[in-house]
>>> print(open('work_35.cif').read())   # mmCIF, C-alpha atoms
data_data
#
loop_
_atom_site.group_PDB
_atom_site.id
_atom_site.type_symbol
_atom_site.label_atom_id
_atom_site.label_comp_id
_atom_site.auth_asym_id
_atom_site.auth_seq_id
_atom_site.Cartn_x
_atom_site.Cartn_y
_atom_site.Cartn_z
ATOM 1 C CA MET A 1 116.912 148.394 41.245
ATOM 2 C CA LEU A 2 114.080 145.867 41.054
ATOM 3 C CA LEU A 3 115.822 144.003 38.242
ATOM 4 C CA LEU A 4 118.775 143.235 40.556
ATOM 5 C CA LEU A 5 116.544 141.402 43.054
ATOM 6 C CA PRO A 6 115.913 137.629 43.034
ATOM 7 C CA TYR A 7 113.013 136.484 40.844
ATOM 8 C CA THR A 8 110.627 135.695 43.708
ATOM 9 C CA GLU A 9 111.442 138.933 45.505
ATOM 10 C CA TYR A 10 110.991 140.835 42.222
ATOM 11 C CA LEU A 11 107.518 139.364 41.714
ATOM 12 C CA ARG A 12 106.561 140.147 45.298
ATOM 13 C CA ARG A 13 107.658 143.748 44.906
ATOM 14 C CA VAL A 14 105.916 144.154 41.529
ATOM 15 C CA PHE A 15 102.551 142.984 42.833
ATOM 16 C CA GLU A 16 102.549 145.350 45.772
ATOM 17 C CA PRO A 17 99.505 147.671 45.578
ATOM 18 C CA ARG A 18 101.662 150.763 45.278
ATOM 19 C CA ASN A 19 103.734 149.350 42.391
ATOM 20 C CA VAL A 20 100.642 148.006 40.621
ATOM 21 C CA ALA A 21 99.032 151.453 40.832
ATOM 22 C CA ASP A 22 102.274 152.996 39.568
ATOM 23 C CA ILE A 23 102.345 150.698 36.521
ATOM 24 C CA ILE A 24 98.652 151.284 35.749
ATOM 25 C CA LEU A 25 99.050 155.077 35.916
ATOM 26 C CA VAL A 26 102.063 154.989 33.588
ATOM 27 C CA PHE A 27 100.146 152.737 31.169
ATOM 28 C CA VAL A 28 97.131 155.074 31.166
ATOM 29 C CA LEU A 29 99.375 158.106 30.626
ATOM 30 C CA VAL A 30 101.258 156.533 27.704
ATOM 31 C CA TYR A 31 98.022 155.205 26.190
ATOM 32 C CA GLY A 32 96.414 158.646 26.416
ATOM 33 C CA VAL A 33 99.392 160.328 24.738
ATOM 34 C CA LEU A 34 99.464 157.767 21.924
ATOM 35 C CA LYS A 35 95.707 158.098 21.431
ATOM 36 C CA LEU A 36 96.045 161.876 21.094
ATOM 37 C CA LEU A 37 98.924 161.554 18.619
ATOM 38 C CA ARG A 38 97.250 158.912 16.449
ATOM 39 C CA GLY A 39 95.973 160.291 13.159
ATOM 40 C CA THR A 40 97.340 163.817 13.720
ATOM 41 C CA ARG A 41 100.236 165.718 12.217
ATOM 42 C CA ALA A 42 102.055 165.271 15.539
ATOM 43 C CA ALA A 43 102.567 161.548 14.882
ATOM 44 C CA PRO A 44 105.330 161.923 12.236
ATOM 45 C CA MET A 45 106.929 164.696 14.326
ATOM 46 C CA ALA A 46 107.023 162.405 17.347
ATOM 47 C CA ALA A 47 108.551 159.671 15.190
ATOM 48 C CA GLY A 48 111.234 162.117 14.016
ATOM 49 C CA ILE A 49 112.097 163.129 17.596
ATOM 50 C CA ALA A 50 112.252 159.454 18.593
ATOM 51 C CA ALA A 51 114.647 158.825 15.691
ATOM 52 C CA LEU A 52 116.931 161.631 16.917
ATOM 53 C CA VAL A 53 116.925 160.198 20.429
ATOM 54 C CA PHE A 54 117.806 156.773 19.010
ATOM 55 C CA LEU A 55 120.678 158.269 17.005
ATOM 56 C CA TYR A 56 121.996 159.960 20.140
ATOM 57 C CA TRP A 57 121.848 156.682 22.059
ATOM 58 C CA LEU A 58 123.643 154.940 19.180
ATOM 59 C CA SER A 59 126.346 157.619 19.039
ATOM 60 C CA VAL A 60 127.007 157.213 22.776
ATOM 61 C CA LYS A 61 126.998 153.423 22.506
ATOM 62 C CA GLN A 62 129.336 153.287 19.504
ATOM 63 C CA ASP A 63 131.517 156.212 20.622
ATOM 64 C CA LEU A 64 130.722 158.416 17.596
ATOM 65 C CA ALA A 65 132.149 161.627 19.000
ATOM 66 C CA THR A 66 131.115 164.069 16.251
ATOM 67 C CA LEU A 67 127.538 162.818 16.026
ATOM 68 C CA GLU A 68 127.263 162.763 19.811
ATOM 69 C CA PHE A 69 128.509 166.374 20.025
ATOM 70 C CA VAL A 70 126.005 167.621 17.448
ATOM 71 C CA LEU A 71 123.043 165.759 18.906
ATOM 72 C CA SER A 72 123.884 166.510 22.527
ATOM 73 C CA ASN A 73 123.812 170.248 21.815
ATOM 74 C CA GLY A 74 120.639 169.918 19.788
ATOM 75 C CA LEU A 75 118.811 167.825 22.363
ATOM 76 C CA LEU A 76 119.295 170.559 24.950
ATOM 77 C CA TYR A 77 116.476 172.452 23.241
ATOM 78 C CA ILE A 78 114.242 169.420 22.693
ATOM 79 C CA GLY A 79 111.837 170.547 25.445
ATOM 80 C CA ILE A 80 111.260 173.933 23.795
ATOM 81 C CA ALA A 81 110.893 172.239 20.393
ATOM 82 C CA ILE A 82 108.229 169.871 21.747
ATOM 83 C CA ILE A 83 106.215 172.791 23.176
ATOM 84 C CA VAL A 84 106.430 174.737 19.900
ATOM 85 C CA LEU A 85 105.678 171.788 17.611
ATOM 86 C CA PHE A 86 102.936 170.211 19.706
ATOM 87 C CA GLN A 87 101.276 173.316 21.137
ATOM 88 C CA SER A 88 97.840 172.552 19.651
ATOM 89 C CA GLU A 89 98.010 168.894 20.722
ATOM 90 C CA ILE A 90 99.151 169.867 24.234
ATOM 91 C CA ARG A 91 96.335 172.410 24.489
ATOM 92 C CA GLN A 92 93.751 169.853 23.353
ATOM 93 C CA ALA A 93 95.123 167.266 25.787
ATOM 94 C CA LEU A 94 94.882 169.697 28.706
ATOM 95 C CA ILE A 95 91.339 170.648 27.684
ATOM 96 C CA THR A 96 90.310 166.993 27.489
ATOM 97 C CA PHE A 97 91.961 166.235 30.819
ATOM 98 C CA GLY A 98 90.333 169.237 32.486
ATOM 99 C CA ASN A 99 86.864 168.395 31.167
ATOM 100 C CA ARG A 100 87.060 164.935 32.735
ATOM 101 C CA PHE A 101 87.515 166.452 36.196
ATOM 102 C CA ARG A 102 85.016 169.296 36.072
ATOM 103 C CA VAL A 103 82.559 169.428 38.924
ATOM 104 C CA PRO A 104 79.144 168.048 37.914
ATOM 105 C CA PHE A 105 77.161 171.283 38.298
ATOM 106 C CA SER A 106 79.493 173.159 35.935
ATOM 107 C CA ARG A 107 78.916 170.891 32.980
ATOM 108 C CA TYR A 108 77.105 172.100 29.905
ATOM 109 C CA ARG A 109 74.262 169.594 30.295
ATOM 110 C CA GLY A 110 70.920 171.359 30.058
ATOM 111 C CA GLN A 111 72.244 174.868 29.468
ATOM 112 C CA PHE A 112 69.941 175.237 26.442
ATOM 113 C CA GLY A 113 66.269 174.636 26.085
ATOM 114 C CA GLU A 114 65.161 172.421 23.228
ATOM 115 C CA GLY A 115 63.526 175.443 21.591
ATOM 116 C CA ILE A 116 66.988 176.908 21.057
ATOM 117 C CA TYR A 117 67.987 173.828 19.078
ATOM 118 C CA ASP A 118 64.919 174.267 16.910
ATOM 119 C CA GLU A 119 65.921 177.845 16.118
ATOM 120 C CA VAL A 120 69.380 176.719 14.944
ATOM 121 C CA VAL A 121 68.021 173.729 13.001
ATOM 122 C CA LEU A 122 65.305 175.764 11.302
ATOM 123 C CA ALA A 123 67.771 178.499 10.344
ATOM 124 C CA ALA A 124 70.255 175.951 8.984
ATOM 125 C CA THR A 125 67.652 174.172 6.846
ATOM 126 C CA THR A 126 66.295 177.480 5.519
ATOM 127 C CA LEU A 127 69.779 178.685 4.583
ATOM 128 C CA ALA A 128 70.546 175.308 2.996
ATOM 129 C CA SER A 129 67.440 175.523 0.798
ATOM 130 C CA THR A 130 68.760 178.768 -0.720
ATOM 131 C CA LYS A 131 72.429 177.642 -0.702
ATOM 132 C CA THR A 132 73.412 180.464 1.627
ATOM 133 C CA GLY A 133 76.678 179.769 3.434
ATOM 134 C CA ALA A 134 76.609 179.803 7.222
ATOM 135 C CA LEU A 135 78.802 178.828 10.174
ATOM 136 C CA ILE A 136 77.340 178.612 13.693
ATOM 137 C CA VAL A 137 79.688 177.736 16.576
ATOM 138 C CA ILE A 138 78.122 176.699 19.896
ATOM 139 C CA GLU A 139 80.314 177.292 22.943
ATOM 140 C CA ARG A 140 80.467 174.593 25.614
ATOM 141 C CA ASN A 141 82.889 174.339 28.570
ATOM 142 C CA VAL A 142 85.875 176.033 26.937
ATOM 143 C CA GLY A 143 85.263 179.744 26.474
ATOM 144 C CA LEU A 144 85.503 181.305 23.002
ATOM 145 C CA LYS A 145 86.067 184.855 24.211
ATOM 146 C CA ASN A 146 89.252 185.188 22.144
ATOM 147 C CA VAL A 147 87.209 184.295 19.059
ATOM 148 C CA SER A 148 84.149 186.407 19.835
ATOM 149 C CA ASP A 149 86.249 189.447 20.757
ATOM 150 C CA GLY A 150 87.578 189.511 17.192
ATOM 151 C CA GLY A 151 84.058 189.739 15.735
ATOM 152 C CA VAL A 152 81.136 192.120 16.023
ATOM 153 C CA GLN A 153 79.684 192.016 19.535
ATOM 154 C CA LEU A 154 75.923 191.397 19.603
ATOM 155 C CA ASP A 155 74.897 189.714 22.878
ATOM 156 C CA ALA A 156 71.420 189.202 21.445
ATOM 157 C CA GLU A 157 68.746 186.564 21.985
ATOM 158 C CA LEU A 158 69.235 183.590 19.676
ATOM 159 C CA THR A 159 66.346 183.505 17.207
ATOM 160 C CA TYR A 160 65.668 182.135 13.751
ATOM 161 C CA ASP A 161 65.055 185.597 12.285
ATOM 162 C CA LEU A 162 68.327 186.983 13.632
ATOM 163 C CA LEU A 163 70.351 184.078 12.240
ATOM 164 C CA ILE A 164 68.745 184.445 8.822
ATOM 165 C CA SER A 165 69.414 188.184 8.872
ATOM 166 C CA ILE A 166 73.068 187.742 9.836
ATOM 167 C CA PHE A 167 73.850 185.243 7.083
ATOM 168 C CA ASN A 168 71.952 187.135 4.403
ATOM 169 C CA THR A 169 74.496 187.818 1.666
ATOM 170 C CA ALA A 170 73.487 191.494 1.689
ATOM 171 C CA SER A 171 74.358 191.761 5.388
ATOM 172 C CA PRO A 172 77.823 193.065 6.353
ATOM 173 C CA LEU A 173 77.982 190.343 9.040
ATOM 174 C CA HIS A 174 77.451 187.316 6.785
ATOM 175 C CA ASP A 175 81.175 186.700 6.207
ATOM 176 C CA GLY A 176 82.442 184.816 9.242
ATOM 177 C CA ALA A 177 81.058 182.700 12.061
ATOM 178 C CA VAL A 178 78.377 183.276 14.660
ATOM 179 C CA VAL A 179 79.344 182.357 18.218
ATOM 180 C CA VAL A 180 76.483 181.105 20.399
ATOM 181 C CA ARG A 181 77.009 181.353 24.154
ATOM 182 C CA ARG A 182 74.230 179.689 26.153
ATOM 183 C CA HIS A 183 70.950 180.984 24.675
ATOM 184 C CA ARG A 184 72.416 184.152 23.144
ATOM 185 C CA ILE A 185 74.426 185.130 20.095
ATOM 186 C CA ALA A 186 77.626 186.518 21.581
ATOM 187 C CA ALA A 187 79.171 187.785 18.343
ATOM 188 C CA ALA A 188 78.984 187.567 14.564
ATOM 189 C CA SER A 189 81.489 187.889 11.736
ATOM 190 C CA CYS A 190 84.088 185.992 13.790
ATOM 191 C CA PHE A 191 87.127 184.429 12.163
ATOM 192 C CA LEU A 192 88.250 180.992 13.308
ATOM 193 C CA PRO A 193 91.571 179.113 13.136
ATOM 194 C CA LEU A 194 91.775 176.773 10.150
ATOM 195 C CA THR A 195 92.586 173.120 10.643
ATOM 196 C CA LEU A 196 95.970 171.862 9.430
ATOM 197 C CA ASN A 197 94.824 168.264 8.993
ATOM 198 C CA PRO A 198 96.331 167.135 5.644
ATOM 199 C CA ARG A 199 93.935 164.187 5.316
ATOM 200 C CA LEU A 200 90.814 166.279 4.767
ATOM 201 C CA SER A 201 89.023 166.134 1.446
ATOM 202 C CA ARG A 202 89.796 168.888 -1.021
ATOM 203 C CA GLU A 203 86.057 169.385 -1.398
ATOM 204 C CA LEU A 204 85.969 171.071 2.002
ATOM 205 C CA GLY A 205 86.308 174.824 1.737
ATOM 206 C CA THR A 206 87.444 177.482 4.169
ATOM 207 C CA ARG A 207 84.156 177.488 6.087
ATOM 208 C CA HIS A 208 84.342 173.756 6.808
ATOM 209 C CA ARG A 209 88.042 173.886 7.660
ATOM 210 C CA ALA A 210 87.387 176.729 10.101
ATOM 211 C CA ALA A 211 84.645 174.688 11.786
ATOM 212 C CA ILE A 212 86.978 171.709 12.112
ATOM 213 C CA GLY A 213 89.782 173.943 13.380
ATOM 214 C CA VAL A 214 87.765 175.494 16.212
ATOM 215 C CA THR A 215 86.446 172.095 17.333
ATOM 216 C CA GLU A 216 89.991 170.708 17.364
ATOM 217 C CA ASP A 217 91.253 173.487 19.622
ATOM 218 C CA THR A 218 88.188 173.609 21.902
ATOM 219 C CA ASP A 219 85.216 171.459 22.897
ATOM 220 C CA ALA A 220 82.797 173.601 20.891
ATOM 221 C CA VAL A 221 80.505 172.175 18.201
ATOM 222 C CA ALA A 222 79.711 173.786 14.856
ATOM 223 C CA VAL A 223 76.929 173.741 12.282
ATOM 224 C CA VAL A 224 77.998 174.491 8.701
ATOM 225 C CA VAL A 225 75.894 175.195 5.625
ATOM 226 C CA SER A 226 77.761 174.873 2.341
ATOM 227 C CA GLU A 227 77.394 177.765 -0.085
ATOM 228 C CA GLU A 228 78.241 175.565 -3.083
ATOM 229 C CA THR A 229 76.134 172.450 -2.407
ATOM 230 C CA GLY A 230 73.653 173.540 0.267
ATOM 231 C CA LEU A 231 74.617 170.542 2.411
ATOM 232 C CA ILE A 232 74.366 170.819 6.187
ATOM 233 C CA SER A 233 77.303 169.542 8.259
ATOM 234 C CA PHE A 234 77.845 169.057 11.975
ATOM 235 C CA VAL A 235 81.362 169.178 13.434
ATOM 236 C CA GLN A 236 82.499 167.900 16.835
ATOM 237 C CA ARG A 237 86.051 167.125 18.053
ATOM 238 C CA GLY A 238 87.379 167.662 14.537
ATOM 239 C CA ASP A 239 85.023 165.044 13.043
ATOM 240 C CA ILE A 240 82.568 166.218 10.419
ATOM 241 C CA LYS A 241 79.200 164.698 9.500
ATOM 242 C CA ARG A 242 77.900 165.900 6.152
ATOM 243 C CA GLY A 243 74.585 165.802 4.351
ATOM 244 C CA LEU A 244 72.340 166.004 7.430
ATOM 245 C CA ASP A 245 68.636 166.739 7.315
ATOM 246 C CA ALA A 246 66.722 168.609 10.021
ATOM 247 C CA THR A 247 66.063 165.513 12.153
ATOM 248 C CA LYS A 248 69.643 164.234 12.032
ATOM 249 C CA LEU A 249 71.033 167.693 12.743
ATOM 250 C CA ARG A 250 68.769 168.177 15.746
ATOM 251 C CA ASN A 251 69.669 164.745 17.127
ATOM 252 C CA ALA A 252 73.389 165.455 16.652
ATOM 253 C CA ILE A 253 73.117 168.758 18.544
ATOM 254 C CA LEU A 254 71.068 167.199 21.331
ATOM 255 C CA GLU A 255 73.485 164.303 21.742
ATOM 256 C CA ALA A 256 76.527 166.591 21.765
ATOM 257 C CA LEU A 257 75.179 169.164 24.222
ATOM 258 C CA GLU A 258 72.709 167.225 26.341
ATOM 259 C CA GLY A 259 74.251 163.741 26.178
ATOM 260 C CA PRO A 260 72.709 160.512 24.852
ATOM 261 C CA ARG A 261 69.023 160.290 25.541
ATOM 262 C CA LYS A 262 67.488 157.109 26.912
ATOM 263 C CA GLU A 263 64.256 156.038 25.351
ATOM 264 C CA LYS A 264 62.317 154.405 28.147
ATOM 265 C CA GLU A 265 58.769 155.053 26.992
ATOM 266 C CA PRO A 266 58.663 152.381 24.250
ATOM 267 C CA GLN A 267 59.952 149.820 26.767
ATOM 268 C CA LYS A 268 57.238 150.718 29.292
ATOM 269 C CA HIS A 269 54.639 150.558 26.579
ATOM 270 C CA SER A 270 55.751 147.091 25.539
ATOM 271 C CA GLU A 271 55.633 145.904 29.153
ATOM 272 C CA SER A 272 52.064 147.170 29.545
ATOM 273 C CA GLU A 273 51.114 145.404 26.321
ATOM 274 C CA ASN A 274 52.571 142.135 27.635
ATOM 275 C CA GLU A 275 50.552 142.471 30.838
ATOM 276 C CA ALA A 276 47.396 143.124 28.816
ATOM 277 C CA GLU A 277 48.066 140.033 26.698
ATOM 278 C CA GLU A 278 48.563 137.887 29.817
ATOM 279 C CA ILE A 279 45.263 139.139 31.287
ATOM 280 C CA ALA A 280 43.489 138.502 28.008
ATOM 281 C CA SER A 281 44.889 134.977 27.755
ATOM 282 C CA THR A 282 43.681 134.107 31.260
#
>>> encode(input="work_35.cif", output="structure tokens")
Amino acid sequence: MLLLLPYTEYLRRVFEPRNVADIILVFVLVYGVLKLLRGTRAAPMAAGIAALVFLYWLSVKQDLATLEFVLSNGLLYIGIAIIVLFQSEIRQALITFGNRFRVPFSRYRGQFGEGIYDEVVLAATTLASTKTGALIVIERNVGLKNVSDGGVQLDAELTYDLLISIFNTASPLHDGAVVVRRHRIAAASCFLPLTLNPRLSRELGTRHRAAIGVTEDTDAVAVVVSEETGLISFVQRGDIKRGLDATKLRNAILEALEGPRKEKEPQKHSESENEAEEIAST
């Protein structure tokens, strides 16, 4: 209806606060959807659905009766097809959207002590030195109960010795992932969903693909030790960082779970040095 109004009236209506807010919200929604689809297997699927919609529009415009009949009956089920095809992307989008509106006191910030990180880092480096495969998944806001229920329930205090014992090749629990919930090991020998990302390197085995898969579906983070190379990897939001040492791994875990840390001490030290130099110069 706005397009039928005179130009000046159209501009006046467009720049009304309500219409401006409407346009901004639509832009943010479309931008968020495109950002989620970019680089995923959903992108070519979305392009295929868009092509079908264009063909239907063309058949109506050019009066192609047969094509219009076929597509009109097929497009009736387009909503169900979108849910089936994009279920993982829709789930991830809802998780991301929900995490942005969580109340502050329910966030995962500070749920671990730094000593817990040291236990995980020390266990990972020890296992890497002997090329013993390991997969440690740390739960954050999104619960992993469906994953932990499929493994062996432990509910034990997270310690270096327990992690080493679990991933010992002679242990019946070494095959699978360990799920860490807060400061405890919830379960071991858990099996995770594998990622379907076709762009991953063929060098990545099942353990790495499982770590990427669980971080794509949830907001969890994972620490992986390769059985073939002994390399330590850290996975978050489907992105994998490989070849980490103890310091880099600890920093990655701290940044993911506690947020970026501000280093204010060096700045204060430099300011005190400047004051001392000014006093000395006078």
>>> closest_residue(input="work_35.cif", among="A:Lys131, A:Arg207, A:Arg184, A:His174", to="Gly151 (chain A)", atoms="only C-alpha atoms")
A:His174
>>> closest_residue(input="work_35.cif", among="A:Leu196, A:Ile24, A:Val33, A:Val137", to="Arg209 (chain A)", atoms="all atoms listed in the file")
A:Leu196
>>> resolve_selection(input="work_35.cif", expression="the PyMOL selection byres ((chain A and resi 215-219) around 7)", output="JSON list (two decimals) with C-alpha atoms, in the coordinates of the input")
[["chain", "number", "residue", "atom", "x", "y", "z"],
["A", 88, "SER", "CA", 97.84, 172.55, 19.65],
["A", 92, "GLN", "CA", 93.75, 169.85, 23.35],
["A", 140, "ARG", "CA", 80.47, 174.59, 25.61],
["A", 141, "ASN", "CA", 82.89, 174.34, 28.57],
["A", 142, "VAL", "CA", 85.88, 176.03, 26.94],
["A", 211, "ALA", "CA", 84.64, 174.69, 11.79],
["A", 212, "ILE", "CA", 86.98, 171.71, 12.11],
["A", 213, "GLY", "CA", 89.78, 173.94, 13.38],
["A", 214, "VAL", "CA", 87.76, 175.49, 16.21],
["A", 220, "ALA", "CA", 82.80, 173.60, 20.89],
["A", 221, "VAL", "CA", 80.50, 172.18, 18.20],
["A", 236, "GLN", "CA", 82.50, 167.90, 16.84],
["A", 237, "ARG", "CA", 86.05, 167.12, 18.05],
["A", 238, "GLY", "CA", 87.38, 167.66, 14.54]]
>>> atom_distance(input="work_35.cif", atom1="CA of Gly48 (chain A)", atom2="CA of Leu29 (chain A)")
20.8 Å
>>> resolve_selection(input="work_35.cif", expression="the PyMOL selection byres ((chain A and resi 158-165) around 8)", output="list in words")
Ile116, Glu119, Val120, Leu122, Ala123, Leu127, Ala156, Glu157, Ile166, Phe167, Asn168, Ser171, Val180, His183, Arg184 and Ile185 of chain A
>>> resolve_selection(input="work_35.cif", expression="the PyMOL selection byres ((chain A and resi 252) around 12)", output="PyMOL selection string")
chain A and resi 117+121+221-223+232-236+240-242+244-251+253-261
>>> atom_distance(input="work_35.cif", atom1="CA of Ala46 (chain A)", atom2="CA of His208 (chain A)")
27.5 Å
>>> closest_residue(input="work_35.cif", among="A:Pro193, A:Gly74, A:Gly230, A:Pro44", to="Ala134 (chain A)", atoms="all atoms listed in the file")
A:Gly230
>>> residues_around(input="work_35.cif", residues="Gly133 (chain A)", least_positions_apart="2", cutoff="6 Å", atoms="all atoms listed in the file", output="ChimeraX atom specification")
/A:225-227
>>> atom_distance(input="work_35.cif", atom1="CA of Phe191 (chain A)", atom2="CA of Val147 (chain A)")
6.9 Å
